[in-house]
There are 2 protein chains.
Amino acid sequence: MSSSIMKNLFACLPADLENEQFDELLRAKNIRIERIVSKGHTSPETGWYDQEEHEWVLVLEGAGTLLFAEDNRQVTLRKGDYLHIPAHARHKVVWTEPEELTLWLAVHYSVEDITACE
Amino acid sequence: MSSSIMKNLFACLPADLENEQFDELLRAKNIRIERIVSKGHTSPETGWYDQEEHEWVLVLEGAGTLLFAEDNRQVTLRKGDYLHIPAHARHKVVWTEPEELTLWLAVHYSVEDITACE
């Protein structure tokens, strides 16, 4: 029942980033919260993200641009901007700030229906 | 399948705050994300928060102190600090920054077990 130890989202930021860095902050049955640190990275390398789970994403520092396959829409998120990406909404990161770190907070969750037992 | 419209977490911050302000950013089956804005407020008015859901909480601006009933532990969260509060871990906010806004991001979620059908 005890609460967890406090941690800081801006701690342990890498000085230099060869690859995007993914840190899991919380994992439970239907939810996963992660911090993503980018610096000029785009992803995925090829193709699109096509995720089983819904994602709520917030940019805390820096900036990044998402491209959505469905309507070719580009959205640039800067500090404080957030967006909901439904499961299977194919998207990719086409740009992130090259000169400074971009810090994303992503909440992945599933809402699969519970089949009632009769 | 479309992604939602982008919004900003720092938008529409009240200039003056008589009461704490709660804004729901996302609600789905097992998850609720809210922004809370405080300025010198403490809560609840009397007693303790004793929540049915787990809560992951992050401070984005300002500072606030939580008190936990179980062990009388006080934890002050400042910018970037986050903490997990399990369901039914009784707690209250005993202090928030009186001179500036404190911005909290709270992710409430439930992980109730699905009873297997046999």
# chains A, B, ... in the order shown; residues from 1 in each chain; ligands from 1
>>> residues_around(residues="Asn19 of chain B", least_positions_apart="6", cutoff="9 Å", atoms="only C-alpha atoms", output="list in words")
Val37, Ser38, Lys39 and His41 of chain B
>>> interface_residues(of="chain A", to="chain B", cutoff="7 Å", atoms="only C-alpha atoms", output="JSON, numbers by chain")
{"A": [1, 2, 3, 4, 5, 6, 7, 8, 9, 10, 29, 30, 80, 81, 82, 83, 84, 85, 86, 89, 111, 114, 117]}
>>> atom_distance(atom1="atom CA of Glu20 of chain A", atom2="atom CA of Glu34 of chain A")
12.5 Å
>>> select_by_dssp(residues="segment 50-110 of chain B", states="strand (DSSP E)", output="ChimeraX atom specification")
/B:54-61,63-68,74-78,81-85,91-96,102-109
>>> closest_residue(among="B:Asp23, B:Leu17, B:Glu97, B:Trp48", to="Ile36 of chain B", atoms="only C-alpha atoms")
B:Asp23
